[in-house]
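Structure file start_16.csv (CSV, C-alpha atoms) follows.
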```csv
chain,number,residue,atom,x,y,z
A,2,MET,CA,-3.8,16.9,31.1
A,3,SER,CA,-6.5,17.0,28.4
A,4,ASP,CA,-6.0,17.2,24.7
A,5,PHE,CA,-8.0,19.6,22.4
A,6,THR,CA,-10.9,17.1,22.2
A,7,GLY,CA,-11.4,17.4,25.9
A,8,GLN,CA,-10.4,13.8,26.5
A,9,LYS,CA,-8.0,13.2,29.3
A,10,SER,CA,-4.5,12.1,28.3
A,11,THR,CA,-3.7,8.6,29.7
A,12,VAL,CA,-0.3,7.0,30.4
A,13,PHE,CA,-0.6,3.5,29.2
A,14,VAL,CA,1.9,1.1,30.8
A,15,VAL,CA,2.6,-2.4,29.4
A,16,ASP,CA,4.9,-4.6,31.4
A,17,ASP,CA,4.9,-8.3,32.2
A,18,ASP,CA,6.7,-7.8,35.5
A,19,GLN,CA,4.2,-7.4,38.4
A,20,ALA,CA,6.7,-5.5,40.6
A,21,ILE,CA,7.2,-3.0,37.8
A,22,ARG,CA,3.5,-2.6,37.2
A,23,HIS,CA,2.9,-2.0,41.0
A,24,ALA,CA,5.7,0.6,41.1
A,25,MET,CA,4.4,2.3,38.0
A,26,GLU,CA,0.9,2.5,39.5
A,27,LEU,CA,2.2,4.1,42.7
A,28,LEU,CA,4.3,6.6,40.7
A,29,MET,CA,1.5,7.6,38.4
A,30,ARG,CA,-0.9,8.0,41.3
A,31,SER,CA,1.6,10.0,43.3
A,32,VAL,CA,1.7,12.8,40.7
A,33,GLY,CA,-1.9,12.6,39.7
A,34,LEU,CA,-1.5,11.3,36.1
A,35,GLU,CA,-4.3,9.3,34.5
A,36,TYR,CA,-3.0,5.8,33.9
A,37,GLU,CA,-3.9,2.3,32.8
A,38,ILE,CA,-1.7,-0.7,33.3
A,39,PHE,CA,-1.6,-3.9,31.3
A,40,HIS,CA,0.3,-7.2,31.8
A,41,SER,CA,0.8,-7.9,28.1
A,42,GLY,CA,0.7,-6.4,24.6
A,43,ASP,CA,-2.4,-8.4,23.7
A,44,ASP,CA,-4.2,-7.2,26.8
A,45,PHE,CA,-3.4,-3.6,25.8
A,46,LEU,CA,-4.4,-4.0,22.2
A,47,SER,CA,-7.8,-5.6,23.2
A,48,LYS,CA,-8.7,-2.4,25.1
A,49,TYR,CA,-6.9,0.5,23.3
A,50,SER,CA,-8.6,2.8,20.8
A,51,ILE,CA,-6.4,5.0,18.6
A,52,ASP,CA,-8.5,8.1,19.2
A,53,ARG,CA,-7.4,8.1,22.9
A,54,PRO,CA,-4.8,10.7,23.7
A,55,GLY,CA,-1.8,9.9,25.9
A,56,CYS,CA,1.5,8.0,25.6
A,57,LEU,CA,2.7,4.4,26.0
A,58,VAL,CA,5.4,3.2,28.4
A,59,LEU,CA,6.3,-0.2,27.0
A,60,ASP,CA,8.7,-2.9,28.1
A,61,ILE,CA,10.8,-3.9,25.1
A,62,ARG,CA,11.1,-7.6,26.2
A,63,MET,CA,8.0,-9.5,27.1
A,64,PRO,CA,6.8,-13.1,26.5
A,65,GLY,CA,4.2,-13.4,23.7
A,66,LEU,CA,3.8,-10.1,22.0
A,67,GLY,CA,7.1,-8.2,22.5
A,68,GLY,CA,7.5,-4.5,22.6
A,69,LEU,CA,8.7,-4.2,19.0
A,70,GLU,CA,5.9,-6.4,17.8
A,71,LEU,CA,3.3,-4.2,19.6
A,72,GLN,CA,4.9,-1.1,18.2
A,73,GLN,CA,4.5,-2.6,14.7
A,74,LYS,CA,0.9,-3.4,15.3
A,75,LEU,CA,0.2,0.2,16.4
A,76,ILE,CA,2.0,1.5,13.2
A,77,GLU,CA,-0.3,-0.8,11.2
A,78,MET,CA,-3.3,0.7,13.0
A,79,GLU,CA,-2.0,4.2,12.0
A,80,SER,CA,-1.7,5.1,15.7
A,81,SER,CA,0.4,8.2,16.5
A,82,LEU,CA,0.6,7.3,20.2
A,83,PRO,CA,4.1,8.3,21.4
A,84,ILE,CA,6.0,5.3,22.8
A,85,ILE,CA,8.7,5.3,25.5
A,86,PHE,CA,10.5,1.9,25.7
A,87,ILE,CA,11.8,0.5,29.0
A,88,THR,CA,15.0,-1.4,28.2
A,89,GLY,CA,17.4,-3.7,30.0
A,90,HIS,CA,21.2,-3.6,29.8
A,91,GLY,CA,21.5,-5.5,26.5
A,92,ASP,CA,18.5,-4.0,24.7
A,93,VAL,CA,20.0,-0.8,23.3
A,94,PRO,CA,20.2,-2.1,19.7
A,95,MET,CA,16.5,-3.0,19.9
A,96,ALA,CA,15.7,0.4,21.3
A,97,VAL,CA,17.6,2.1,18.5
A,98,GLU,CA,15.5,0.1,16.0
A,99,ALA,CA,12.3,1.2,17.9
A,100,MET,CA,13.4,4.8,17.6
A,101,GLN,CA,14.0,4.4,13.9
A,102,LYS,CA,10.4,3.2,13.6
A,103,GLY,CA,9.0,6.2,15.4
A,104,ALA,CA,9.3,5.6,19.2
A,105,VAL,CA,9.9,9.0,21.0
A,106,ASP,CA,12.3,7.7,23.7
A,107,PHE,CA,13.8,4.9,25.6
A,108,ILE,CA,14.9,4.6,29.2
A,109,GLN,CA,17.2,2.0,30.7
A,110,LYS,CA,16.6,0.1,33.9
A,111,PRO,CA,17.2,1.0,36.6
A,112,PHE,CA,15.9,4.5,36.2
A,113,ARG,CA,15.0,7.3,38.5
A,114,ASP,CA,11.3,8.1,39.0
A,115,GLN,CA,11.8,11.8,38.1
A,116,GLU,CA,13.7,10.9,34.9
A,117,LEU,CA,10.8,8.7,33.7
A,118,LEU,CA,8.2,11.3,34.7
A,119,ASP,CA,10.1,14.0,32.7
A,120,ARG,CA,10.0,11.8,29.6
A,121,ILE,CA,6.4,10.9,30.1
A,122,ARG,CA,5.4,14.6,30.3
A,123,GLU,CA,7.5,15.3,27.1
A,124,ALA,CA,5.7,12.4,25.4
A,125,LEU,CA,2.3,13.7,26.4
A,126,LYS,CA,3.2,17.1,25.0
A,127,THR,CA,4.3,15.4,21.8
A,128,ASP,CA,1.0,13.6,21.5
A,129,GLU,CA,-1.0,16.8,22.0
A,130,GLU,CA,1.1,18.6,19.3
A,131,ARG,CA,0.6,15.6,16.9
A,132,ARG,CA,-3.2,15.5,17.5
A,133,SER,CA,-3.5,19.3,17.1
A,134,ALA,CA,-1.5,19.2,13.8
A,135,ARG,CA,-3.7,16.4,12.5
A,136,GLU,CA,-6.9,18.2,13.5
A,137,HIS,CA,-5.6,21.3,11.6
A,138,HIS,CA,-4.7,19.2,8.6
A,139,ASP,CA,-8.2,17.7,8.5
A,140,GLU,CA,-9.8,21.1,8.8
A,141,VAL,CA,-7.7,22.4,5.8
A,142,THR,CA,-8.5,19.3,3.8
A,143,SER,CA,-12.2,19.8,4.5
A,144,LYS,CA,-12.1,23.4,3.3
A,145,LEU,CA,-10.2,22.5,0.1
A,146,ARG,CA,-12.9,20.0,-0.8
A,147,LYS,CA,-15.4,22.9,-0.9
A,148,LEU,CA,-13.5,24.6,-3.7
A,149,THR,CA,-14.6,24.3,-7.3
A,150,ARG,CA,-12.1,23.0,-9.9
A,151,ARG,CA,-11.5,26.6,-11.2
A,152,GLU,CA,-11.1,27.9,-7.6
A,153,ARG,CA,-8.6,25.2,-6.9
A,154,GLU,CA,-6.6,26.1,-10.1
A,155,VAL,CA,-6.6,29.8,-9.0
A,156,LEU,CA,-5.4,28.8,-5.5
A,157,ASP,CA,-2.6,26.7,-6.8
A,158,LEU,CA,-1.3,29.7,-8.8
A,159,VAL,CA,-2.0,32.3,-6.2
A,160,VAL,CA,0.2,30.5,-3.6
A,161,THR,CA,3.2,30.6,-6.0
A,162,GLY,CA,3.1,34.4,-5.7
A,163,LYS,CA,1.9,35.1,-9.3
A,164,PRO,CA,-0.2,38.3,-9.7
A,165,ASN,CA,-3.8,38.1,-10.9
A,166,LYS,CA,-2.8,39.4,-14.4
A,167,ILE,CA,-0.4,36.4,-15.0
A,168,ILE,CA,-2.9,33.9,-13.5
A,169,ALA,CA,-5.6,35.2,-15.8
A,170,TYR,CA,-3.3,34.8,-18.8
A,171,GLU,CA,-2.3,31.3,-17.8
A,172,LEU,CA,-5.9,30.2,-17.3
A,173,GLY,CA,-7.3,32.0,-20.3
A,174,VAL,CA,-9.8,34.1,-18.4
A,175,SER,CA,-10.2,37.8,-17.5
A,176,GLN,CA,-8.4,39.4,-14.6
A,177,ARG,CA,-11.8,40.2,-13.1
A,178,THR,CA,-12.7,36.5,-13.2
A,179,VAL,CA,-9.5,35.7,-11.3
A,180,GLU,CA,-10.2,38.4,-8.7
A,181,ILE,CA,-13.7,36.9,-8.1
A,182,HIS,CA,-12.4,33.4,-7.8
A,183,ARG,CA,-9.6,34.6,-5.5
A,184,ALA,CA,-12.1,36.3,-3.2
A,185,ARG,CA,-14.2,33.1,-3.1
A,186,VAL,CA,-11.1,31.0,-2.3
A,187,MET,CA,-10.2,33.4,0.6
A,188,GLU,CA,-13.7,33.2,1.9
A,189,LYS,CA,-14.1,29.4,1.7
A,190,MET,CA,-10.6,28.8,3.2
A,191,GLU,CA,-11.3,31.4,5.9
A,192,ALA,CA,-7.9,32.9,5.1
A,193,LYS,CA,-7.2,36.4,6.5
A,194,SER,CA,-4.2,36.9,4.2
A,195,LEU,CA,-2.1,35.5,1.4
A,196,ALA,CA,0.3,34.2,4.0
A,197,ASP,CA,-2.6,32.3,5.6
A,198,LEU,CA,-3.4,30.8,2.3
A,199,VAL,CA,0.2,29.7,1.6
A,200,ARG,CA,0.4,28.0,5.1
A,201,MET,CA,-2.9,26.1,4.5
A,202,HIS,CA,-1.6,25.0,1.0
A,203,MET,CA,1.6,23.7,2.6
A,204,ASP,CA,-0.4,21.9,5.4
A,205,GLU,CA,-2.2,19.9,2.7
A,206,GLU,CA,1.1,18.3,1.6
```

Translate the structure described by the file into structure tokens.
Amino acid sequence: MSDFTGQKSTVFVVDDDQAIRHAMELLMRSVGLEYEIFHSGDDFLSKYSIDRPGCLVLDIRMPGLGGLELQQKLIEMESSLPIIFITGHGDVPMAVEAMQKGAVDFIQKPFRDQELLDRIREALKTDEERRSAREHHDEVTSKLRKLTRREREVLDLVVTGKPNKIIAYELGVSQRTVEIHRARVMEKMEAKSLADLVRMHMDEE
């Protein structure tokens, strides 16, 4: 699977248990998923870049940098990488805390291979959607920066549904001036309709 940038999505696995790492490697290879496996949180952090698409399968209890601590570091890096936590029998309260902080899922040991693969595929889809939304947001922001101050004022009033006549009155300009600014806004924002414009305005928020 590739994201919209053309980069291949990677399943990152972090677990201190060698047997689990070996089993994960065999599982990822058996279904043709791109993967990278790490023995510790520090090892993962030293090689991970936030622009890489994928998801993280993370053991919640590890010596040194634990799963929750690694999650916190990724939050501080402003990473949106979806995290699936692997938990033991007594780790459910920790897993709930992790979900509250943005983890997408957790799975309890022992788990079935297919169950984990289903959750990984869901997490990869989530990552793709997040990255696509962020790219769209960045595009809208870039277009908005091209507007003049007056064009921005017109935009902010247009998306409320006010007609040109009312906008002209509120801004103290002629209706024709509003029409010209409105046309320029549509052109610069590459909007095909008022609905397009409203969606872009909402995306900025």

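Residue neighbourhood of Ala104 (chain A), excluding near-sequence residues (fewer than 4 positions): Leu57, Leu69, Gln72, Ser81, Leu82, Pro83, Ile84, Ile85, Phe86, Ala96, Val97, Glu98, Ala99, Met100 and Ala124 of chain A, at 10 Å, using all atoms listed in the file.
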
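Closest approach to Val199 (chain A) among A:Arg185, A:Val160, A:Thr178, A:Glu26: A:Val160, based on all atoms listed in the file.
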
Which one is closest to Phe107 (chain A): A:Thr88, A:Asn165, A:Thr127, A:Thr11? Count only C-alpha atoms.
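That would be A:Thr88, the residue with the smallest distance to Phe107 (chain A).
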
Residues near Ser10 (chain A), cut-off 12 Å, all atoms listed in the file, skip fewer than 4 positions along chain, as a ChimeraX atom specification:
/A:2-6,33-37,52-57,82-83,121-122,124-129,132

Just to be explicit: take each residue in the selection above, keep C-alpha atoms, and write the result as a compact mmCIF listing (two decimals), in the frame of the given file.
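And here's again_36.txt as it stands now:
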```txt
# COMPACT_ATOMS: atom_id res chain seq x y z
CA MET A 2 -3.80 16.90 31.10
CA SER A 3 -6.50 17.00 28.40
CA ASP A 4 -6.00 17.20 24.70
CA PHE A 5 -8.00 19.60 22.40
CA THR A 6 -10.90 17.10 22.20
CA GLY A 33 -1.90 12.60 39.70
CA LEU A 34 -1.50 11.30 36.10
CA GLU A 35 -4.30 9.30 34.50
CA TYR A 36 -3.00 5.80 33.90
CA GLU A 37 -3.90 2.30 32.80
CA ASP A 52 -8.50 8.10 19.20
CA ARG A 53 -7.40 8.10 22.90
CA PRO A 54 -4.80 10.70 23.70
CA GLY A 55 -1.80 9.90 25.90
CA CYS A 56 1.50 8.00 25.60
CA LEU A 57 2.70 4.40 26.00
CA LEU A 82 0.60 7.30 20.20
CA PRO A 83 4.10 8.30 21.40
CA ILE A 121 6.40 10.90 30.10
CA ARG A 122 5.40 14.60 30.30
CA ALA A 124 5.70 12.40 25.40
CA LEU A 125 2.30 13.70 26.40
CA LYS A 126 3.20 17.10 25.00
CA THR A 127 4.30 15.40 21.80
CA ASP A 128 1.00 13.60 21.50
CA GLU A 129 -1.00 16.80 22.00
CA ARG A 132 -3.20 15.50 17.50
```

In Å, how far is it from CA of Gln19 (chain A) to CA of His40 (chain A)?
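Value for the CA of Gln19 (chain A)-CA of His40 (chain A) distance: 7.7 Å.
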
Contacts of Asp204 (chain A) at 10 Å (all atoms listed in the file; same-chain gap of 3+ positions) as a tab-separated table (two decimals) with C-alpha atoms, in the frame of the given file:
```tsv
chain	number	residue	atom	x	y	z
A	134	ALA	CA	-1.50	19.20	13.80
A	135	ARG	CA	-3.70	16.40	12.50
A	137	HIS	CA	-5.60	21.30	11.60
A	138	HIS	CA	-4.70	19.20	8.60
A	139	ASP	CA	-8.20	17.70	8.50
A	141	VAL	CA	-7.70	22.40	5.80
A	142	THR	CA	-8.50	19.30	3.80
A	198	LEU	CA	-3.40	30.80	2.30
A	199	VAL	CA	0.20	29.70	1.60
A	200	ARG	CA	0.40	28.00	5.10
A	201	MET	CA	-2.90	26.10	4.50
```

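Rounded to one decimal, CA of Glu205 (chain A) and CA of Arg177 (chain A) lie 27.5 Å from each other.
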
In Å, rounded to a single decimal, give me how far CA of Glu77 (chain A) is from CA of Leu117 (chain A).
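One can read the CA of Leu117 (chain A) to CA of Glu77 (chain A) distance as 26.8 Å.
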
Which residue, A:Lys189, A:Glu171, A:Lys166, A:Pro111, has the smallest gap to Lys147 (chain A) when you use all atoms listed in the file?
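Using all atoms listed in the file, the shortest distance to Lys147 (chain A) belongs to A:Lys189.
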
Of A:Leu148, A:Ala169, A:Asp114, A:Arg153, the one sitting nearest Ile21 (chain A) when using all atoms listed in the file is A:Asp114

Could you list, as a list in words, every residue within 12 Å of Glu116 (chain A), counting only C-alpha atoms and ignoring same-chain residues fewer than 6 positions away?
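Selected residues are Leu28, Asp106, Phe107, Ile108, Gln109, Lys110, Arg122 and Glu123 of chain A.
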
Would you fill out region 142-153 of chain A with N, CA and C atoms and return it as a PDB file, in the coordinates of the input?
```pdb
ATOM      1  N   THR A 142      -8.069  20.223   4.798  1.00  0.00           N
ATOM      2  CA  THR A 142      -8.500  19.300   3.800  1.00  0.00           C
ATOM      3  C   THR A 142     -10.015  19.465   3.501  1.00  0.00           C
ATOM      4  N   SER A 143     -10.785  19.615   4.585  1.00  0.00           N
ATOM      5  CA  SER A 143     -12.200  19.800   4.500  1.00  0.00           C
ATOM      6  C   SER A 143     -12.577  21.071   3.718  1.00  0.00           C
ATOM      7  N   LYS A 144     -11.845  22.147   4.003  1.00  0.00           N
ATOM      8  CA  LYS A 144     -12.100  23.400   3.300  1.00  0.00           C
ATOM      9  C   LYS A 144     -11.721  23.321   1.832  1.00  0.00           C
ATOM     10  N   LEU A 145     -10.613  22.652   1.530  1.00  0.00           N
ATOM     11  CA  LEU A 145     -10.200  22.500   0.100  1.00  0.00           C
ATOM     12  C   LEU A 145     -11.200  21.765  -0.700  1.00  0.00           C
ATOM     13  N   ARG A 146     -11.884  20.810  -0.070  1.00  0.00           N
ATOM     14  CA  ARG A 146     -12.900  20.000  -0.800  1.00  0.00           C
ATOM     15  C   ARG A 146     -14.075  20.892  -1.233  1.00  0.00           C
ATOM     16  N   LYS A 147     -14.251  22.034  -0.593  1.00  0.00           N
ATOM     17  CA  LYS A 147     -15.400  22.900  -0.900  1.00  0.00           C
ATOM     18  C   LYS A 147     -15.086  23.778  -2.160  1.00  0.00           C
ATOM     19  N   LEU A 148     -13.824  23.812  -2.582  1.00  0.00           N
ATOM     20  CA  LEU A 148     -13.500  24.600  -3.700  1.00  0.00           C
ATOM     21  C   LEU A 148     -13.913  23.979  -5.039  1.00  0.00           C
ATOM     22  N   THR A 149     -14.333  24.796  -5.992  1.00  0.00           N
ATOM     23  CA  THR A 149     -14.600  24.300  -7.300  1.00  0.00           C
ATOM     24  C   THR A 149     -13.290  23.999  -8.037  1.00  0.00           C
ATOM     25  N   ARG A 150     -13.361  23.319  -9.172  1.00  0.00           N
ATOM     26  CA  ARG A 150     -12.100  23.000  -9.900  1.00  0.00           C
ATOM     27  C   ARG A 150     -11.393  24.279 -10.298  1.00  0.00           C
ATOM     28  N   ARG A 151     -12.125  25.296 -10.766  1.00  0.00           N
ATOM     29  CA  ARG A 151     -11.500  26.600 -11.200  1.00  0.00           C
ATOM     30  C   ARG A 151     -10.898  27.286  -9.969  1.00  0.00           C
ATOM     31  N   GLU A 152     -11.633  27.289  -8.861  1.00  0.00           N
ATOM     32  CA  GLU A 152     -11.100  27.900  -7.600  1.00  0.00           C
ATOM     33  C   GLU A 152      -9.814  27.256  -7.196  1.00  0.00           C
ATOM     34  N   ARG A 153      -9.769  25.935  -7.335  1.00  0.00           N
ATOM     35  CA  ARG A 153      -8.600  25.200  -6.900  1.00  0.00           C
ATOM     36  C   ARG A 153      -7.391  25.586  -7.870  1.00  0.00           C
TER      37      ARG A 153
END
```
